[in-house]
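Here is the file final.cif (mmCIF, C-alpha atoms, pLDDT in the B column; chains and numbers go by the auth columns).
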data_upload
loop_
_atom_site.group_PDB
_atom_site.id
_atom_site.type_symbol
_atom_site.label_atom_id
_atom_site.label_comp_id
_atom_site.label_asym_id
_atom_site.label_seq_id
_atom_site.Cartn_x
_atom_site.Cartn_y
_atom_site.Cartn_z
_atom_site.B_iso_or_equiv
_atom_site.auth_seq_id
_atom_site.auth_asym_id
ATOM 1 C CA MET A 1 0.000 0.000 0.000 92.00 5 A
ATOM 2 C CA LEU A 2 1.258 3.435 -0.945 92.00 6 A
ATOM 3 C CA ILE A 3 1.133 5.817 1.998 94.00 7 A
ATOM 4 C CA LEU A 4 1.485 9.564 1.498 92.00 8 A
ATOM 5 C CA SER A 5 1.216 12.568 3.803 94.00 9 A
ATOM 6 C CA ARG A 6 -1.138 15.356 2.788 94.00 10 A
ATOM 7 C CA LYS A 7 -2.330 18.530 4.462 94.00 11 A
ATOM 8 C CA ALA A 8 -5.814 19.969 4.375 95.00 12 A
ATOM 9 C CA GLY A 9 -6.388 21.510 0.968 95.00 13 A
ATOM 10 C CA GLU A 10 -3.922 19.226 -0.786 96.00 14 A
ATOM 11 C CA SER A 11 -4.902 16.629 -3.349 95.00 15 A
ATOM 12 C CA LEU A 12 -3.953 13.394 -5.045 94.00 16 A
ATOM 13 C CA ILE A 13 -4.655 12.482 -8.632 94.00 17 A
ATOM 14 C CA LEU A 14 -5.396 8.851 -9.450 92.00 18 A
ATOM 15 C CA ASP A 15 -5.146 7.436 -12.912 88.00 19 A
ATOM 16 C CA GLY A 16 -5.046 10.844 -14.566 86.00 20 A
ATOM 17 C CA GLY A 17 -8.678 11.693 -13.918 87.00 21 A
ATOM 18 C CA ILE A 18 -9.701 11.164 -10.320 94.00 22 A
ATOM 19 C CA GLU A 19 -8.903 13.825 -7.753 95.00 23 A
ATOM 20 C CA ILE A 20 -8.958 13.057 -4.065 95.00 24 A
ATOM 21 C CA LYS A 21 -8.726 16.161 -1.942 96.00 25 A
ATOM 22 C CA ILE A 22 -8.281 16.410 1.812 96.00 26 A
ATOM 23 C CA THR A 23 -10.730 19.190 2.522 96.00 27 A
ATOM 24 C CA GLU A 24 -10.700 19.229 6.312 95.00 28 A
ATOM 25 C CA ILE A 25 -9.018 17.565 9.266 95.00 29 A
ATOM 26 C CA TYR A 26 -10.796 17.677 12.592 94.00 30 A
ATOM 27 C CA GLY A 27 -10.171 15.543 15.649 92.00 31 A
ATOM 28 C CA ASP A 28 -9.784 11.944 14.534 91.00 32 A
ATOM 29 C CA LYS A 29 -11.557 12.459 11.222 91.00 33 A
ATOM 30 C CA VAL A 30 -10.708 13.748 7.798 93.00 34 A
ATOM 31 C CA ARG A 31 -13.146 15.065 5.258 95.00 35 A
ATOM 32 C CA ILE A 32 -12.350 14.003 1.735 95.00 36 A
ATOM 33 C CA GLY A 33 -13.569 15.409 -1.557 96.00 37 A
ATOM 34 C CA ILE A 34 -13.579 13.166 -4.604 96.00 38 A
ATOM 35 C CA ALA A 35 -13.852 14.461 -8.156 95.00 39 A
ATOM 36 C CA ALA A 36 -14.232 11.638 -10.642 94.00 40 A
ATOM 37 C CA PRO A 37 -16.025 10.848 -13.887 92.00 41 A
ATOM 38 C CA GLY A 38 -19.615 9.695 -13.452 90.00 42 A
ATOM 39 C CA SER A 39 -18.678 6.150 -14.419 90.00 43 A
ATOM 40 C CA VAL A 40 -16.535 5.786 -11.295 89.00 44 A
ATOM 41 C CA LYS A 41 -18.534 4.437 -8.368 88.00 45 A
ATOM 42 C CA VAL A 42 -17.383 5.530 -4.934 90.00 46 A
ATOM 43 C CA TYR A 43 -18.496 3.693 -1.795 89.00 47 A
ATOM 44 C CA ARG A 44 -17.540 3.764 1.822 88.00 48 A
ATOM 45 C CA LYS A 45 -15.810 0.413 2.242 88.00 49 A
ATOM 46 C CA GLU A 46 -18.310 -0.919 4.776 87.00 50 A
ATOM 47 C CA LEU A 47 -21.172 -0.052 2.427 92.00 51 A
ATOM 48 C CA TYR A 48 -19.406 -1.781 -0.437 95.00 52 A
ATOM 49 C CA ALA A 49 -18.903 -4.849 1.754 94.00 53 A
ATOM 50 C CA THR A 50 -22.605 -4.783 2.656 95.00 54 A
ATOM 51 C CA ILE A 51 -23.602 -4.657 -1.020 96.00 55 A
ATOM 52 C CA LYS A 52 -21.369 -7.636 -1.755 96.00 56 A
ATOM 53 C CA GLU A 53 -22.736 -9.540 1.229 96.00 57 A
ATOM 54 C CA ASN A 54 -26.343 -8.777 0.239 96.00 58 A
ATOM 55 C CA GLN A 55 -25.597 -10.077 -3.230 95.00 59 A
ATOM 56 C CA SER A 56 -24.135 -13.284 -1.868 93.00 60 A
ATOM 57 C CA ALA A 57 -27.159 -13.716 0.433 93.00 61 A
ATOM 58 C CA VAL A 58 -29.636 -13.784 -2.469 90.00 62 A
ATOM 59 C CA VAL A 59 -27.724 -16.271 -4.532 82.00 63 A
ATOM 60 C CA HIS A 60 -30.280 -19.024 -4.756 72.00 64 A
ATOM 61 C CA PRO A 61 -29.221 -21.474 -2.074 72.00 65 A
ATOM 62 C CA SER A 62 -29.291 -25.067 -3.162 73.00 66 A
ATOM 63 C CA ALA A 63 -32.403 -27.021 -2.331 68.00 67 A
ATOM 64 C CA ALA A 64 -30.279 -29.077 0.041 70.00 68 A
ATOM 65 C CA ALA A 65 -29.118 -25.997 1.969 71.00 69 A
ATOM 66 C CA VAL A 66 -32.634 -24.657 2.412 73.00 70 A
ATOM 67 C CA LYS A 67 -33.852 -28.072 3.451 69.00 71 A
ATOM 68 C CA ASP A 68 -31.063 -28.364 5.974 70.00 72 A
ATOM 69 C CA LEU A 69 -31.962 -24.964 7.365 71.00 73 A
ATOM 70 C CA LEU A 70 -35.632 -25.879 7.527 68.00 74 A
ATOM 71 C CA LYS A 71 -34.750 -29.052 9.366 69.00 75 A
ATOM 72 C CA ARG A 72 -32.738 -27.173 11.943 70.00 76 A
ATOM 73 C CA MET A 73 -35.558 -24.682 12.325 62.00 77 A
ATOM 74 C CA GLN A 74 -38.141 -27.316 13.151 60.00 78 A
ATOM 75 C CA ARG A 75 -39.697 -26.946 16.524 51.00 79 A
ATOM 76 C CA PRO A 76 -40.128 -30.136 18.508 49.00 80 A
ATOM 77 C CA GLU A 77 -43.892 -30.085 17.889 47.00 81 A
ATOM 78 C CA GLU A 78 -43.778 -29.947 14.129 45.00 82 A
ATOM 79 C CA SER A 79 -46.928 -30.045 12.049 46.00 83 A
ATOM 80 C CA GLU A 80 -47.438 -31.271 8.527 48.00 84 A
ATOM 81 C CA THR A 81 -48.605 -28.230 6.609 50.00 85 A
ATOM 82 C CA PRO A 82 -46.625 -25.002 6.795 52.00 86 A
ATOM 83 C CA ALA A 83 -49.005 -22.081 6.777 52.00 87 A
ATOM 84 C CA PRO A 84 -47.264 -18.959 5.538 54.00 88 A
ATOM 85 C CA GLU A 85 -48.216 -15.767 7.229 54.00 89 A
ATOM 86 C CA THR A 86 -47.214 -12.190 7.084 53.00 90 A
ATOM 87 C CA PRO A 87 -45.333 -10.518 9.873 53.00 91 A
ATOM 88 C CA GLY A 88 -46.283 -7.864 12.260 49.00 92 A
ATOM 89 C CA GLU A 89 -48.644 -9.983 14.256 48.00 93 A
ATOM 90 C CA GLY A 90 -46.843 -12.341 16.535 45.00 94 A
ATOM 91 C CA GLU A 91 -43.621 -10.386 16.694 43.00 95 A
ATOM 92 C CA LYS A 92 -44.809 -7.293 18.370 39.00 96 A
ATOM 93 C CA MET B 1 -53.244 -10.759 -4.134 92.00 7 B
ATOM 94 C CA LYS B 2 -51.268 -13.734 -5.351 93.00 8 B
ATOM 95 C CA LEU B 3 -47.518 -13.673 -4.850 92.00 9 B
ATOM 96 C CA LEU B 4 -44.977 -15.927 -6.490 90.00 10 B
ATOM 97 C CA THR B 5 -42.146 -16.636 -4.050 87.00 11 B
ATOM 98 C CA ARG B 6 -38.718 -18.138 -4.542 85.00 12 B
ATOM 99 C CA ASP B 7 -38.834 -20.755 -1.809 82.00 13 B
ATOM 100 C CA LEU B 8 -42.437 -21.041 -0.677 82.00 14 B
ATOM 101 C CA GLY B 9 -44.394 -21.425 -3.889 84.00 15 B
ATOM 102 C CA GLU B 10 -47.352 -19.238 -4.718 90.00 16 B
ATOM 103 C CA LEU B 11 -48.993 -17.544 -1.755 89.00 17 B
ATOM 104 C CA GLU B 12 -52.013 -15.401 -1.148 91.00 18 B
ATOM 105 C CA ILE B 13 -50.964 -12.191 0.593 92.00 19 B
ATOM 106 C CA ASP B 14 -52.779 -9.123 1.805 93.00 20 B
ATOM 107 C CA GLU B 15 -51.562 -5.898 0.213 93.00 21 B
ATOM 108 C CA LYS B 16 -51.724 -4.321 3.646 93.00 22 B
ATOM 109 C CA ASP B 17 -48.848 -6.561 4.683 93.00 23 B
ATOM 110 C CA ILE B 18 -46.435 -5.184 2.113 96.00 24 B
ATOM 111 C CA VAL B 19 -43.521 -3.377 3.744 97.00 25 B
ATOM 112 C CA THR B 20 -41.898 -0.456 1.935 97.00 26 B
ATOM 113 C CA PHE B 21 -38.142 -0.001 2.163 98.00 27 B
ATOM 114 C CA SER B 22 -37.804 3.753 2.596 97.00 28 B
ATOM 115 C CA GLY B 23 -34.080 3.100 2.909 96.00 29 B
ATOM 116 C CA PRO B 24 -32.904 0.514 0.399 96.00 30 B
ATOM 117 C CA ILE B 25 -31.384 -2.901 0.772 97.00 31 B
ATOM 118 C CA PHE B 26 -27.955 -1.887 -0.480 97.00 32 B
ATOM 119 C CA GLY B 27 -27.244 -3.143 -3.961 95.00 33 B
ATOM 120 C CA PHE B 28 -30.969 -3.684 -4.562 97.00 34 B
ATOM 121 C CA GLU B 29 -32.071 -0.062 -4.585 96.00 35 B
ATOM 122 C CA LYS B 30 -34.760 -0.516 -7.201 96.00 36 B
ATOM 123 C CA TYR B 31 -36.688 -3.099 -5.180 97.00 37 B
ATOM 124 C CA ARG B 32 -38.627 -1.385 -2.420 97.00 38 B
ATOM 125 C CA ARG B 33 -41.661 -3.552 -1.697 97.00 39 B
ATOM 126 C CA PHE B 34 -41.315 -6.764 0.250 97.00 40 B
ATOM 127 C CA VAL B 35 -43.332 -9.079 2.437 96.00 41 B
ATOM 128 C CA PHE B 36 -42.082 -10.867 5.521 94.00 42 B
ATOM 129 C CA LEU B 37 -43.127 -14.499 5.442 91.00 43 B
ATOM 130 C CA PHE B 38 -42.831 -17.018 8.196 79.00 44 B
ATOM 131 C CA GLN B 39 -44.041 -20.526 8.552 68.00 45 B
ATOM 132 C CA GLU B 40 -46.057 -21.451 11.568 66.00 46 B
ATOM 133 C CA ASP B 41 -44.471 -24.806 12.149 62.00 47 B
ATOM 134 C CA LEU B 42 -40.935 -23.491 11.914 64.00 48 B
ATOM 135 C CA SER B 43 -38.862 -21.503 14.328 71.00 49 B
ATOM 136 C CA GLU B 44 -40.089 -17.934 14.608 77.00 50 B
ATOM 137 C CA HIS B 45 -36.473 -16.842 14.731 83.00 51 B
ATOM 138 C CA PHE B 46 -36.288 -17.073 10.956 85.00 52 B
ATOM 139 C CA ILE B 47 -38.273 -15.150 8.385 89.00 53 B
ATOM 140 C CA TRP B 48 -38.297 -14.895 4.618 90.00 54 B
ATOM 141 C CA LEU B 49 -38.028 -11.405 3.138 95.00 55 B
ATOM 142 C CA GLN B 50 -39.577 -11.813 -0.287 94.00 56 B
ATOM 143 C CA SER B 51 -39.689 -9.130 -2.966 96.00 57 B
ATOM 144 C CA VAL B 52 -43.178 -8.391 -4.256 96.00 58 B
ATOM 145 C CA GLU B 53 -41.706 -7.178 -7.537 95.00 59 B
ATOM 146 C CA GLU B 54 -39.212 -9.956 -8.285 95.00 60 B
ATOM 147 C CA PRO B 55 -40.011 -13.576 -7.335 92.00 61 B
ATOM 148 C CA GLU B 56 -36.352 -14.591 -7.407 91.00 62 B
ATOM 149 C CA LEU B 57 -35.338 -11.884 -4.941 94.00 63 B
ATOM 150 C CA CYS B 58 -35.581 -13.295 -1.453 93.00 64 B
ATOM 151 C CA PHE B 59 -33.524 -12.971 1.715 94.00 65 B
ATOM 152 C CA ILE B 60 -33.586 -15.279 4.700 91.00 66 B
ATOM 153 C CA LEU B 61 -33.479 -13.293 7.934 93.00 67 B
ATOM 154 C CA VAL B 62 -32.808 -14.300 11.510 92.00 68 B
ATOM 155 C CA GLN B 63 -33.540 -12.633 14.829 92.00 69 B
ATOM 156 C CA PRO B 64 -30.347 -11.292 16.430 94.00 70 B
ATOM 157 C CA ASP B 65 -31.196 -12.918 19.787 90.00 71 B
ATOM 158 C CA LEU B 66 -30.584 -16.301 18.261 87.00 72 B
ATOM 159 C CA ILE B 67 -27.120 -15.316 17.083 89.00 73 B
ATOM 160 C CA THR B 68 -25.626 -13.234 19.836 90.00 74 B
ATOM 161 C CA ASP B 69 -26.571 -12.252 23.345 87.00 75 B
ATOM 162 C CA HIS B 70 -25.491 -8.654 23.209 84.00 76 B
ATOM 163 C CA TYR B 71 -26.774 -7.148 20.011 90.00 77 B
ATOM 164 C CA THR B 72 -27.764 -3.585 20.710 87.00 78 B
ATOM 165 C CA PRO B 73 -27.454 -1.751 17.403 89.00 79 B
ATOM 166 C CA GLU B 74 -27.095 1.985 17.579 91.00 80 B
ATOM 167 C CA LEU B 75 -29.062 3.301 14.637 93.00 81 B
ATOM 168 C CA PRO B 76 -27.994 6.439 12.788 93.00 82 B
ATOM 169 C CA PRO B 77 -29.980 9.628 13.348 91.00 83 B
ATOM 170 C CA GLU B 78 -31.749 9.294 9.986 92.00 84 B
ATOM 171 C CA ALA B 79 -33.436 6.087 11.154 95.00 85 B
ATOM 172 C CA LYS B 80 -36.374 8.010 12.567 95.00 86 B
ATOM 173 C CA ASP B 81 -36.880 9.896 9.298 95.00 87 B
ATOM 174 C CA LEU B 82 -36.884 6.674 7.315 96.00 88 B
ATOM 175 C CA LEU B 83 -38.932 4.488 9.639 97.00 89 B
ATOM 176 C CA GLY B 84 -41.161 6.915 11.504 95.00 90 B
ATOM 177 C CA GLU B 85 -42.067 6.904 15.168 94.00 91 B
ATOM 178 C CA GLY B 86 -42.705 3.691 17.011 93.00 92 B
ATOM 179 C CA ASP B 87 -41.109 0.414 17.980 94.00 93 B
ATOM 180 C CA TYR B 88 -38.634 -1.166 15.628 95.00 94 B
ATOM 181 C CA MET B 89 -37.734 -4.754 14.984 94.00 95 B
ATOM 182 C CA CYS B 90 -34.307 -5.797 13.915 95.00 96 B
ATOM 183 C CA TRP B 91 -33.454 -8.689 11.612 96.00 97 B
ATOM 184 C CA LEU B 92 -30.148 -9.973 10.257 97.00 98 B
ATOM 185 C CA ILE B 93 -29.550 -11.249 6.730 96.00 99 B
ATOM 186 C CA VAL B 94 -28.416 -14.858 6.508 93.00 100 B
ATOM 187 C CA SER B 95 -25.977 -15.990 3.818 92.00 101 B
ATOM 188 C CA LEU B 96 -26.509 -19.704 3.387 88.00 102 B
ATOM 189 C CA ARG B 97 -23.381 -21.501 2.339 85.00 103 B
ATOM 190 C CA GLU B 98 -22.275 -25.006 1.732 79.00 104 B
ATOM 191 C CA PRO B 99 -21.552 -26.767 3.901 79.00 105 B
ATOM 192 C CA PHE B 100 -24.354 -25.368 6.004 79.00 106 B
ATOM 193 C CA ALA B 101 -22.027 -24.855 8.980 82.00 107 B
ATOM 194 C CA ASP B 102 -20.219 -22.160 6.954 88.00 108 B
ATOM 195 C CA SER B 103 -23.375 -20.040 6.743 89.00 109 B
ATOM 196 C CA THR B 104 -23.048 -16.546 8.138 93.00 110 B
ATOM 197 C CA VAL B 105 -25.162 -13.607 9.271 95.00 111 B
ATOM 198 C CA ASN B 106 -24.465 -9.923 8.740 96.00 112 B
ATOM 199 C CA LEU B 107 -24.331 -8.189 12.129 96.00 113 B
ATOM 200 C CA ARG B 108 -22.995 -5.001 10.591 95.00 114 B
ATOM 201 C CA SER B 109 -25.950 -4.194 8.343 97.00 115 B
ATOM 202 C CA PRO B 110 -29.299 -5.099 9.942 97.00 116 B
ATOM 203 C CA ILE B 111 -32.724 -4.810 8.377 98.00 117 B
ATOM 204 C CA VAL B 112 -34.810 -2.630 10.681 97.00 118 B
ATOM 205 C CA VAL B 113 -38.591 -2.550 10.462 97.00 119 B
ATOM 206 C CA ASN B 114 -41.328 -0.409 11.892 97.00 120 B
ATOM 207 C CA PRO B 115 -44.106 -3.033 11.847 95.00 121 B
ATOM 208 C CA GLU B 116 -46.846 -0.547 12.602 95.00 122 B
ATOM 209 C CA LEU B 117 -46.059 1.821 9.744 96.00 123 B
ATOM 210 C CA ARG B 118 -44.736 -0.969 7.489 96.00 124 B
ATOM 211 C CA GLN B 119 -41.542 0.907 6.768 97.00 125 B
ATOM 212 C CA ALA B 120 -38.138 -0.704 6.678 98.00 126 B
ATOM 213 C CA ALA B 121 -34.522 0.109 5.896 98.00 127 B
ATOM 214 C CA GLN B 122 -31.093 -1.421 5.968 97.00 128 B
ATOM 215 C CA PHE B 123 -28.422 0.348 7.982 96.00 129 B
ATOM 216 C CA VAL B 124 -24.659 -0.031 7.962 95.00 130 B
ATOM 217 C CA LEU B 125 -23.666 0.413 11.585 93.00 131 B
ATOM 218 C CA ASP B 126 -20.575 2.130 12.860 86.00 132 B
ATOM 219 C CA GLY B 127 -18.158 0.145 14.929 82.00 133 B
ATOM 220 C CA GLY B 128 -16.492 -3.125 14.282 85.00 134 B
ATOM 221 C CA LEU B 129 -19.446 -5.485 13.987 92.00 135 B
ATOM 222 C CA PRO B 130 -18.714 -8.374 11.612 94.00 136 B
ATOM 223 C CA ILE B 131 -20.352 -8.638 8.202 95.00 137 B
ATOM 224 C CA ARG B 132 -19.834 -12.388 8.333 95.00 138 B
ATOM 225 C CA HIS B 133 -20.618 -13.892 11.702 95.00 139 B
ATOM 226 C CA PRO B 134 -21.210 -17.653 12.013 92.00 140 B
ATOM 227 C CA LEU B 135 -24.891 -18.578 11.883 88.00 141 B
ATOM 228 C CA ILE B 136 -24.291 -21.572 14.069 83.00 142 B
ATOM 229 C CA ARG B 137 -22.776 -20.961 17.445 73.00 143 B
ATOM 230 C CA GLU B 138 -19.825 -23.066 18.348 64.00 144 B
ATOM 231 C CA GLY B 139 -20.923 -26.049 20.334 55.00 145 B
ATOM 232 C CA GLY B 140 -23.600 -27.228 17.966 49.00 146 B
ATOM 233 C CA ALA B 141 -27.159 -26.596 16.949 50.00 147 B
ATOM 234 C CA GLN B 142 -29.034 -23.801 18.582 49.00 148 B
ATOM 235 C CA CYS B 143 -32.657 -24.081 17.718 49.00 149 B
#

Let me see whether you can do it: turn the structure in this file into structure tokens.
Amino acid sequence: MLILSRKAGESLILDGGIEIKITEIYGDKVRIGIAAPGSVKVYRKELYATIKENQSAVVHPSAAAVKDLLKRMQRPEESETPAPETPGEGEK
Amino acid sequence: MKLLTRDLGELEIDEKDIVTFSGPIFGFEKYRRFVFLFQEDLSEHFIWLQSVEEPELCFILVQPDLITDHYTPELPPEAKDLLGEGDYMCWLIVSLREPFADSTVNLRSPIVVNPELRQAAQFVLDGGLPIRHPLIREGGAQC
């Protein structure tokens, strides 16, 4: 990882077209301005990680995985016909 | 209305039960209307979050209590604007993996619901909560 020192008001240029500017330093935080073409997506890393995790969560789990989960979810007094319901009732 | 679901077949749902995501599920910004589905004979700790608009879009959620004893998420100030006044419920997204024991839950980015107003949002919390936390506690099955 390249590590550089910058002061407030100073910038970096990435790849000829993306400017990253330290606009303010206060306490333990820095405020950063980013000027980039519209095609460049910028995310806070934790948000990016959440997007990736959400995407992996909707990948259709195999029938076996869902079945395994269902099995582990069974209450001791299991009944034959699952009756789907909507939430709100019951949880509140 | 009839709803085609990914895992539970075709169901009859009441339009009143549709929850609107005033804050998006990140990465799925264009899908805002979902229903929460649970099955009576299964553990109430799990719930299916099914898109009303896209049958193949479905998340499996779990109650935090089942996963960890000390989950007290501090929601950002905009939570009240997105969800309105009232009591909120918190759910965690499950990522099923194979083998099943590798499945994880996202403690960092809960789904928070105001059941009364039928508003929901996903939040990315500050602090070091893990995005991939084991679904199954060490020491075996939990439910």

Pull out every residue of chain B sitting within 9 Å of chain A, counting all atoms listed in the file, and send them as a ChimeraX atom specification.
-> /B:12-14,17-20,23-24,31-34,41-53,62-66,93,95,99-106,112,114-115,120-122,124,130-132,137-138,147-149

On this structure, which residues satisfy the PyMOL selection byres ((chain A and resi 28) around 12), written as a list in words?
-> Arg10, Lys11, Ala12, Gly13, Glu14, Ser15, Lys25, Ile26, Thr27, Ile29, Tyr30, Gly31, Asp32, Lys33, Val34, Arg35, Ile36 and Gly37 of chain A

Which polymer residues have any atom within 8 Å of an atom of segment 36-38 of chain B, counting all atoms listed in the file, with same-chain residues fewer than 4 positions away left out, as a PyMOL selection string?
-> chain B and resi 26-28+30-31+57+59-60

What does the distance between atom CA of Pro70 of chain B and atom CA of Pro116 of chain B come to in Å, to one decimal place?
-> 9.0 Å

Rounded to one decimal in Å, what is the spacing between atom CA of Val119 of chain B and atom CA of Thr74 of chain B?
->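 Calculated distance between atom CA of Val119 of chain B and atom CA of Thr74 of chain B is 19.2 Å.
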
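For the pair atom CA of Arg39 of chain B and atom CA of Leu88 of chain B, the separation is 14.4 Å.
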
Need the axis-aligned box for segment 126-141 of chain B with 5 Å each side, so what are the centre and edges in Å to one decimal, as JSON?
{"center_x": -27.3, "center_y": -8.2, "center_z": 10.4, "size_x": 31.6, "size_y": 30.7, "size_z": 19.0}

Name the residues that the PyMOL selection byres ((chain A and resi 44) around 12) pulls out of this structure, and write them as JSON, numbers by chain.
-> {"A": [18, 19, 21, 22, 23, 38, 39, 40, 41, 42, 43, 45, 46, 47]}

Tell me which residues come within 6 Å of (-23.2, -3.7, 17.0), as a compact mmCIF listing (two decimals) with C-alpha atoms, in the frame of the given file, counting only C-alpha atoms in the file's coordinates.
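File selection.txt, as written:
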# COMPACT_ATOMS: atom_id res chain seq x y z
CA TYR B 77 -26.77 -7.15 20.01
CA THR B 78 -27.76 -3.58 20.71
CA PRO B 79 -27.45 -1.75 17.40
CA LEU B 135 -19.45 -5.48 13.99

So, counting all atoms listed in the file, which residue among B:Leu123, B:Ile117, B:Lys86, B:Val68 is closest to Leu141 of chain B?
-> B:Val68
